[in-house]
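What follows is the content of model.txt (compact mmCIF, C-alpha atoms).
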```
# COMPACT_ATOMS: atom_id res chain seq x y z
CA MET A 1 108.13 133.56 129.26
CA SER A 2 111.90 133.66 129.53
CA THR A 3 114.18 131.74 127.22
CA LYS A 4 115.63 130.01 130.26
CA ALA A 5 112.24 128.74 131.33
CA SER A 6 111.05 127.77 127.88
CA GLU A 7 114.25 126.07 126.75
CA THR A 8 115.27 124.24 129.92
CA LEU A 9 117.79 121.50 129.24
CA GLN A 10 117.92 118.29 131.22
CA ALA A 11 121.36 116.64 131.25
CA LEU A 12 120.77 112.92 131.02
CA GLU A 13 123.50 110.37 131.63
CA ALA A 14 122.08 107.13 132.99
CA PRO A 15 118.62 105.56 132.86
CA GLU A 16 118.16 105.98 136.61
CA ALA A 17 118.55 109.77 136.17
CA LEU A 18 115.70 110.01 133.68
CA GLU A 19 113.08 111.57 135.92
CA VAL A 20 111.17 114.78 135.32
CA GLU A 21 108.00 115.69 137.18
CA ALA A 22 105.24 117.20 135.08
CA ALA A 23 104.26 119.57 137.89
CA ALA A 24 107.84 120.87 138.17
CA LEU A 25 107.95 121.48 134.43
CA ILE A 26 104.59 123.27 134.32
CA SER A 27 105.65 125.42 137.27
CA LEU A 28 108.34 126.99 135.07
CA LEU A 29 105.67 128.41 132.77
CA PRO A 30 103.26 131.30 133.39
CA THR A 31 100.36 129.07 132.29
CA PRO A 32 100.02 125.57 130.85
CA PRO A 33 100.73 126.14 127.13
CA ARG A 34 98.46 125.06 124.31
CA ILE A 35 101.45 123.35 122.69
CA LEU A 36 104.12 121.83 124.94
CA ALA A 37 107.02 120.61 122.80
CA LEU A 38 109.72 118.25 124.06
CA GLY A 39 112.83 118.05 121.89
CA GLU A 40 115.58 115.47 121.59
CA PRO A 41 119.18 116.02 120.40
CA THR A 42 119.28 112.86 118.29
CA HIS A 43 116.92 110.15 117.12
CA GLY A 44 117.11 106.53 118.19
CA GLU A 45 117.91 106.89 121.91
CA ASP A 46 115.16 105.00 123.71
CA ALA A 47 116.30 106.34 127.10
CA LEU A 48 115.10 109.77 126.02
CA LEU A 49 111.89 108.34 124.59
CA GLU A 50 111.19 106.52 127.84
CA LEU A 51 111.53 109.86 129.63
CA ARG A 52 109.10 111.35 127.11
CA ASP A 53 106.60 108.56 127.72
CA LYS A 54 106.62 109.04 131.50
CA LEU A 55 106.36 112.81 131.21
CA PHE A 56 103.58 112.73 128.61
CA GLN A 57 101.58 110.24 130.69
CA GLN A 58 101.71 112.61 133.66
CA LEU A 59 100.77 115.63 131.54
CA ILE A 60 97.80 113.76 130.09
CA GLN A 61 96.56 112.65 133.49
CA GLU A 62 97.33 115.81 135.46
CA GLU A 63 97.13 118.68 132.93
CA GLY A 64 94.47 117.47 130.49
CA TYR A 65 96.52 117.27 127.29
CA ARG A 66 94.54 115.30 124.72
CA THR A 67 96.78 115.02 121.64
CA VAL A 68 100.26 113.51 121.32
CA ALA A 69 102.08 114.50 118.11
CA ILE A 70 105.46 113.16 117.02
CA GLU A 71 107.85 113.83 114.15
CA SER A 72 106.34 111.27 111.81
CA ASP A 73 104.25 111.12 108.62
CA CYS A 74 100.96 112.96 109.21
CA ILE A 75 99.01 110.74 106.79
CA ALA A 76 100.38 107.45 108.14
CA GLY A 77 99.63 108.69 111.66
CA LEU A 78 95.90 108.58 110.91
CA LEU A 79 96.10 104.79 111.15
CA VAL A 80 97.64 105.01 114.64
CA ASP A 81 94.98 107.48 115.76
CA GLU A 82 92.26 105.15 114.53
CA TYR A 83 93.83 102.34 116.55
CA VAL A 84 94.22 104.24 119.83
CA THR A 85 90.74 105.77 119.70
CA THR A 86 88.64 102.90 118.35
CA GLY A 87 90.80 99.79 118.62
CA THR A 88 90.66 99.26 114.85
CA GLY A 89 93.46 96.97 113.70
CA THR A 90 96.27 95.73 115.91
CA LEU A 91 99.21 97.27 117.70
CA ASP A 92 101.58 95.49 115.32
CA GLU A 93 99.79 96.98 112.30
CA ALA A 94 99.81 100.45 113.82
CA MET A 95 103.55 100.27 114.46
CA GLU A 96 104.38 98.82 111.03
CA HIS A 97 102.25 101.13 108.90
CA GLY A 98 101.58 104.19 111.05
CA PHE A 99 105.08 105.65 111.36
CA SER A 100 107.79 107.03 109.07
CA HIS A 101 111.57 107.40 109.56
CA GLY A 102 111.69 103.84 110.97
CA PHE A 103 110.17 105.07 114.24
CA GLY A 104 107.68 102.21 114.35
CA ALA A 105 110.52 99.86 115.36
CA SER A 106 111.16 101.76 118.60
CA ALA A 107 110.15 99.93 121.77
CA ALA A 108 109.43 103.26 123.47
CA ASN A 109 107.17 104.39 120.62
CA ARG A 110 105.36 101.07 120.83
CA GLU A 111 104.85 101.55 124.55
CA LEU A 112 103.51 105.07 123.96
CA VAL A 113 100.90 103.79 121.50
CA ARG A 114 100.00 100.85 123.76
CA TRP A 115 99.56 103.18 126.77
CA ILE A 116 97.33 105.64 124.87
CA ARG A 117 95.14 102.79 123.64
CA ALA A 118 94.81 101.43 127.20
CA TYR A 119 94.08 104.92 128.56
CA ASN A 120 91.34 105.47 125.99
CA ASP A 121 89.66 102.11 126.49
CA GLY A 122 86.18 102.72 127.88
CA ARG A 123 86.48 106.52 127.88
CA PRO A 124 83.97 108.73 126.05
CA ALA A 125 85.22 110.12 122.74
CA ALA A 126 85.46 113.66 124.11
CA ASP A 127 87.93 112.53 126.79
CA GLN A 128 90.13 110.34 124.63
CA VAL A 129 93.75 111.07 123.76
CA HIS A 130 94.52 111.36 120.05
CA PHE A 131 97.75 110.47 118.27
CA ALA A 132 99.11 112.47 115.34
CA GLY A 133 102.14 112.57 113.12
CA PHE A 134 102.95 116.18 112.30
CA ASP A 135 105.74 115.71 109.77
CA GLY A 136 105.04 115.64 106.06
CA PRO A 137 105.36 112.38 104.09
CA LEU A 138 109.04 113.23 103.65
CA GLU A 139 112.38 111.56 104.21
CA ILE A 140 115.89 112.96 103.96
CA THR A 141 116.18 110.85 100.80
CA GLY A 142 113.10 112.21 99.08
CA ALA A 143 109.38 112.83 99.22
CA ALA A 144 106.23 110.77 98.73
CA SER A 145 103.98 111.01 95.71
CA PRO A 146 101.15 113.52 96.23
CA ARG A 147 98.70 110.88 94.97
CA GLN A 148 97.27 109.71 98.31
CA PRO A 149 96.34 113.09 99.85
CA LEU A 150 95.34 114.66 96.53
CA THR A 151 93.00 111.86 95.47
CA ALA A 152 91.62 111.55 99.02
CA LEU A 153 90.70 115.24 98.99
CA HIS A 154 89.11 114.91 95.55
CA ASP A 155 87.13 111.84 96.67
CA TYR A 156 85.95 113.66 99.80
CA LEU A 157 84.65 116.60 97.81
CA ALA A 158 83.18 114.48 95.02
CA ASP A 159 80.96 112.75 97.59
CA ARG A 160 79.68 116.03 99.05
CA VAL A 161 79.48 118.82 96.47
CA ASP A 162 78.00 119.38 93.03
CA ALA A 163 80.22 117.66 90.46
CA ALA A 164 80.13 120.83 88.32
CA LEU A 165 82.15 122.60 91.04
CA LEU A 166 85.06 120.18 90.92
CA PRO A 167 88.03 121.55 88.92
CA CYS A 168 88.78 118.15 87.40
CA THR A 169 87.81 114.48 87.38
CA ALA A 170 89.53 111.69 89.27
CA ASP A 171 90.74 110.32 85.92
CA THR A 172 92.42 113.64 85.13
CA LEU A 173 94.28 113.53 88.43
CA ASP A 174 95.35 109.95 87.82
CA HIS A 175 96.66 110.83 84.35
CA LEU A 176 98.62 113.86 85.58
CA LEU A 177 100.09 111.99 88.55
CA GLY A 178 101.35 109.12 86.41
CA ALA A 179 103.45 106.42 88.03
CA ASP A 180 104.30 107.02 91.66
CA ASP A 181 107.92 105.99 91.21
CA ARG A 182 108.45 109.16 89.13
CA TRP A 183 107.83 111.13 92.32
CA THR A 184 109.72 108.91 94.73
CA ASP A 185 112.95 108.54 92.74
CA GLN A 186 115.62 109.03 95.44
CA ALA A 187 118.10 110.26 92.85
CA ALA A 188 116.11 113.51 92.71
CA MET A 189 117.28 114.56 96.17
CA MET A 190 120.87 114.74 94.97
CA ASP A 191 120.16 115.70 91.35
CA PRO A 192 117.43 118.31 90.68
CA ALA A 193 117.29 117.24 87.04
CA LYS A 194 115.85 113.89 88.18
CA SER A 195 112.83 115.55 89.80
CA VAL A 196 109.44 115.77 88.07
CA GLY A 197 108.41 118.64 90.35
CA GLN A 198 108.57 121.31 87.63
CA SER A 199 107.13 119.26 84.80
CA ALA A 200 104.04 120.48 82.96
CA GLU A 201 101.97 117.83 84.76
CA ALA A 202 103.27 118.87 88.16
CA ARG A 203 102.52 122.53 87.47
CA GLU A 204 98.94 121.69 86.50
CA LEU A 205 98.56 119.53 89.60
CA ARG A 206 99.61 122.45 91.81
CA LEU A 207 96.84 124.59 90.32
CA LEU A 208 94.27 121.82 90.70
CA ALA A 209 95.31 121.14 94.30
CA ASP A 210 94.93 124.83 95.08
CA ASP A 211 91.47 124.82 93.49
CA LEU A 212 90.42 121.76 95.49
CA VAL A 213 91.53 123.35 98.76
CA SER A 214 89.71 126.53 97.80
CA LEU A 215 86.56 124.52 97.06
CA LEU A 216 86.81 122.87 100.48
CA ASP A 217 87.04 126.31 102.12
CA THR A 218 84.14 127.81 100.17
CA GLN A 219 81.88 124.84 100.95
CA MET A 220 82.60 124.90 104.67
CA PRO A 221 79.23 126.40 105.74
CA HIS A 222 77.55 123.38 104.17
CA LEU A 223 80.10 120.78 105.23
CA ILE A 224 80.03 121.70 108.92
CA THR A 225 76.33 120.83 108.98
CA THR A 226 76.77 117.41 107.40
CA ASP A 227 80.17 116.13 108.54
CA SER A 228 81.89 115.47 111.84
CA ARG A 229 84.77 117.63 113.04
CA ALA A 230 87.07 114.63 112.57
CA ASP A 231 86.06 114.24 108.91
CA LEU A 232 86.60 117.94 108.23
CA ASP A 233 89.97 117.93 110.00
CA ARG A 234 91.05 114.96 107.90
CA ALA A 235 89.98 116.68 104.66
CA ARG A 236 91.95 119.79 105.63
CA LEU A 237 94.95 117.59 106.40
CA TYR A 238 94.72 116.04 102.94
CA GLY A 239 94.62 119.53 101.43
CA ARG A 240 97.62 120.82 103.41
CA THR A 241 99.63 117.72 102.61
CA ALA A 242 98.82 117.64 98.89
CA THR A 243 99.74 121.30 98.36
CA GLY A 244 102.79 120.97 100.60
CA LEU A 245 104.11 117.92 98.76
CA LEU A 246 103.62 119.52 95.35
CA ARG A 247 105.43 122.64 96.54
CA TYR A 248 108.26 120.51 97.96
CA HIS A 249 108.61 118.55 94.70
CA HIS A 250 108.63 121.82 92.74
CA TRP A 251 111.64 123.09 94.65
CA MET A 252 113.39 119.71 94.57
CA ALA A 253 113.70 120.39 90.84
CA ASP A 254 115.39 123.76 91.47
CA PRO A 255 119.21 123.73 90.94
CA ALA A 256 119.86 126.96 92.91
CA PRO A 257 122.47 126.89 95.72
CA SER A 258 119.69 127.75 98.20
CA ARG A 259 117.81 124.56 97.29
CA MET A 260 118.40 122.58 100.50
CA SER A 261 117.75 125.55 102.78
CA ARG A 262 114.46 126.05 100.98
CA LEU A 263 113.52 122.36 101.26
CA CYS A 264 114.30 122.30 104.99
CA ALA A 265 112.18 125.42 105.44
CA LEU A 266 109.30 123.94 103.45
CA ARG A 267 109.35 120.78 105.53
CA ASP A 268 109.14 122.75 108.76
CA ALA A 269 106.42 124.96 107.32
CA MET A 270 104.36 121.80 106.73
CA MET A 271 105.07 120.76 110.31
CA ALA A 272 104.01 124.17 111.61
CA ALA A 273 100.73 124.09 109.68
CA ASN A 274 99.94 120.69 111.18
CA LEU A 275 100.78 121.90 114.69
CA HIS A 276 98.48 124.90 114.27
CA ALA A 277 95.66 122.57 113.24
CA LEU A 278 96.26 120.29 116.23
CA ALA A 279 96.40 123.23 118.63
CA ASP A 280 93.05 124.42 117.31
CA ARG A 281 91.66 121.06 118.42
CA GLY A 282 93.01 121.38 121.96
CA PRO A 283 96.12 121.18 124.22
CA THR A 284 98.83 119.24 122.39
CA LEU A 285 102.04 117.48 123.41
CA VAL A 286 104.75 117.38 120.74
CA HIS A 287 107.96 115.39 120.40
CA ALA A 288 110.61 115.89 117.72
CA HIS A 289 114.25 116.75 117.19
CA ASN A 290 115.31 119.94 118.95
CA SER A 291 116.10 121.52 115.56
CA HIS A 292 112.41 121.30 114.54
CA LEU A 293 111.13 122.85 117.77
CA GLN A 294 113.59 125.56 118.84
CA ARG A 295 112.84 129.26 118.48
CA ARG A 296 116.19 130.33 117.11
CA LYS A 297 117.19 129.62 113.54
CA SER A 298 118.09 125.99 112.86
CA SER A 299 121.20 124.93 110.98
CA MET A 300 122.74 121.73 109.66
CA ARG A 301 125.63 120.72 107.43
CA MET A 302 124.53 118.72 104.40
CA TRP A 303 126.24 117.48 101.23
CA GLN A 304 125.75 120.91 99.62
CA GLY A 305 127.27 122.64 102.66
CA PRO A 306 125.67 124.44 105.62
CA VAL A 307 121.93 125.18 105.50
CA GLU A 308 119.78 127.40 107.71
CA TRP A 309 116.02 127.67 108.13
CA TRP A 310 113.33 128.65 110.63
CA SER A 311 111.98 125.64 112.49
CA ALA A 312 108.34 124.65 112.97
CA GLY A 313 108.68 125.73 116.59
CA ALA A 314 109.93 129.17 115.59
CA LEU A 315 107.02 129.57 113.15
CA VAL A 316 104.39 128.43 115.65
CA SER A 317 105.91 130.47 118.47
CA ALA A 318 105.73 133.62 116.32
CA ASP A 319 101.93 133.18 116.29
CA LEU A 320 101.17 131.61 119.67
CA GLY A 321 103.71 133.35 121.89
CA GLU A 322 103.51 131.96 125.43
CA GLU A 323 100.96 129.38 124.32
CA TYR A 324 103.94 127.56 122.77
CA ALA A 325 106.56 126.15 125.14
CA PHE A 326 109.71 124.29 124.14
CA VAL A 327 111.78 122.08 126.42
CA ALA A 328 115.03 120.76 124.96
CA THR A 329 116.84 117.66 126.16
CA ALA A 330 120.50 116.78 125.80
CA LEU A 331 122.62 113.70 126.40
CA GLY A 332 126.03 114.28 127.92
CA THR A 333 127.45 111.23 126.19
CA ILE A 334 126.34 108.80 123.52
CA ARG A 335 129.41 106.60 123.54
CA HIS A 336 127.97 103.88 121.32
CA GLN A 337 127.55 106.58 118.65
CA GLY A 338 131.02 108.03 119.20
CA VAL A 339 129.92 111.00 121.32
CA ASP A 340 132.27 111.10 124.30
CA THR A 341 132.34 113.34 127.38
CA PRO A 342 131.23 116.84 126.32
CA PRO A 343 133.79 119.68 126.45
CA PRO A 344 133.70 121.55 129.79
CA ASN A 345 133.03 124.93 128.12
CA THR A 346 129.66 123.76 126.72
CA LEU A 347 126.30 123.74 128.47
CA GLU A 348 126.20 119.95 128.26
CA GLY A 349 129.71 119.82 129.74
CA ARG A 350 128.70 121.97 132.73
CA LEU A 351 125.64 119.86 133.38
CA TYR A 352 127.67 116.67 132.94
CA ALA A 353 130.08 117.82 135.66
CA LEU A 354 127.32 118.30 138.23
CA PRO A 355 126.77 115.65 140.93
CA ALA A 356 124.14 113.06 140.01
```
Could you spell out this file's structure in structure tokens?
Amino acid sequence: MSTKASETLQALEAPEALEVEAAALISLLPTPPRILALGEPTHGEDALLELRDKLFQQLIQEEGYRTVAIESDCIAGLLVDEYVTTGTGTLDEAMEHGFSHGFGASAANRELVRWIRAYNDGRPAADQVHFAGFDGPLEITGAASPRQPLTALHDYLADRVDAALLPCTADTLDHLLGADDRWTDQAAMMDPAKSVGQSAEARELRLLADDLVSLLDTQMPHLITTDSRADLDRARLYGRTATGLLRYHHWMADPAPSRMSRLCALRDAMMAANLHALADRGPTLVHAHNSHLQRRKSSMRMWQGPVEWWSAGALVSADLGEEYAFVATALGTIRHQGVDTPPPNTLEGRLYALPA
């Protein structure tokens, strides 16, 4: 698949121009991909999200995609998936507690969740559309405590395997984790010395998390006979997230100049692992910032200076090849955010100059 086909940009200027036909998009590709990723150049522009909603609805109805994944907390997203597939809870609860990065306040995200729930209503489980967050429990200001995924994995295993096989007790985990605010201190993002990620307790937790994930893997022949695929997928998600968070906290405590590049790379590695797991389940639609989905190296200027890393899309594409497709979007102007008419020598500028 050519770069031109896989990284088509749509220049979007006014709401009435926001139309893309799913069939036209799929026709650019040699075959409908297992992961079809739609990127955005900035967060918070509902015009782009409304385009996403229309396009994803068509792809679900016409191409059989059965998972929608967005750049949001993978653990919180479980609540939204429960709502859209079973009706548990309310739409308000799903939007308030099922998203990170403030994305639950978006009217377009709300409409996406409402539409998936309505689409699923009355359909057999095998034909329902699932919702997933594929980001880690991370913010630009810090990272969550590993308590929730780590204890959830321990609880899952404790209910299903011989207690003698567990590497520790729940009380041991609780003691090592300590107070959650030690992990979520936002000062640690700017000052590595404030992080607990390389403390003796954190180092022991990394070993225990690795042992718990290993135990899950070694017990799989038994677990697949007693548990549903959904339960197993959730346990694996807890394992990936616990080990990923502990690794992220470890490197938050590192004072090296490469610290932020490493943290950006670790975040996208967590994203990529979640996308692989979703793709194993079936055809998946993905939405995130272009920088998390593109194949070329991503870059950003932060308070420590410029950083570079390989995106989740680049990592997944290296494995899936043409089964991963990426479509970028761009806005010619975002005047209310100070982005005026794009320079004529840029791709956005050339598209902006075209007739409507």
Listing only residues of region 131-219 of chain A within 9 Å of region 264-281 of chain A, what is the closest atom pair and its distance in Å (to one decimal) for each, using all atoms listed in the file, sorted by chain and residue number ascending, as a tab-separated table?
```
residue	atom	partner	partner_atom	distance
A:Ala132	CA	A:Leu278	CA	8.4
A:Gly133	CA	A:Asn274	CA	8.6
A:Phe134	CA	A:Met271	CA	5.4
A:Asp135	CA	A:Met271	CA	5.1
A:Gly136	CA	A:Met270	CA	6.2
A:Leu138	CA	A:Arg267	CA	7.8
```
The centre and edge lengths of an axis-aligned box containing all atoms of region 321-327 of chain A present in the file, extended by 8 Å on each side, are to be given in Å to one decimal, as AutoDock Vina command-line options.
```
--center_x 106.4 --center_y 127.7 --center_z 124.2 --size_x 26.8 --size_y 27.3 --size_z 20.5
```
Checklist entry - In terms of the shortest atom-to-atom distance over only C-alpha atoms, which of A:Ala188, A:Ala152, A:Leu215, A:Leu28 is closest to Leu173 (chain A)? => result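 Among A:Ala188, A:Ala152, A:Leu215, A:Leu28, it is A:Ala152 that comes nearest to Leu173 (chain A).
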Next on the checklist: Show me, as a PyMOL selection string, the residues that have an atom within 12 Å of Gly44 (chain A) when counting only C-alpha atoms, minus same-chain residues fewer than 2 positions from it.
Outcome noted: chain A and resi 40-42+46-50+101-109+288-289+334+336-337
Next on the checklist: Quick check, in Å to one decimal: how far apart do CA of Asp121 (chain A) and CA of Cys74 (chain A) lie?
Outcome noted: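 Separation of CA of Asp121 (chain A) and CA of Cys74 (chain A): 23.3 Å.
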Item to check | Spatial neighbours of Thr184 (chain A), max dist 6 Å, only C-alpha atoms, sep filter under 2 positions, as a list in words | outcome: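 Final neighbour list, sorted by chain and number: Ala143, Ala144, Asp181, Arg182 and Gln186 of chain A.
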Next on the checklist: To one decimal place in Å, what is the distance between CA of Arg206 (chain A) and CA of Arg247 (chain A)?
Outcome noted: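 So the answer is 7.5 Å.
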Next on the checklist: Calculated over only C-alpha atoms, which of the candidates A:Leu150, A:Cys168, A:Ala312, A:Met190 has the smallest distance to Ala209 (chain A)?
Outcome noted: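 Nearest candidate to Ala209 (chain A) out of A:Leu150, A:Cys168, A:Ala312, A:Met190: A:Leu150.
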Next on the checklist: I'd like the interatomic distance between CA of Gly178 (chain A) and CA of Asp191 (chain A), to a tenth of an Å.
Outcome noted: 20.5 Å
Next on the checklist: What's around Ala76 (chain A) at 9 Å? Count all atoms listed in the file, leave out sequence neighbours fewer than 2 positions away in its own chain, and write the answer as a list of chain:residue names.
Outcome noted: A:Ser72, A:Asp73, A:Cys74, A:Leu78, A:Leu79, A:Val80, A:His97, A:Gly98, A:Phe99, A:Ser100, A:Ala132, A:Gly133, A:Pro137
Checklist outcome for this item: In terms of all atoms listed in the file, the residue from A:Ser199, A:Arg229, A:Ser261, A:Glu322 at minimal distance from Ser299 (chain A) is A:Ser261
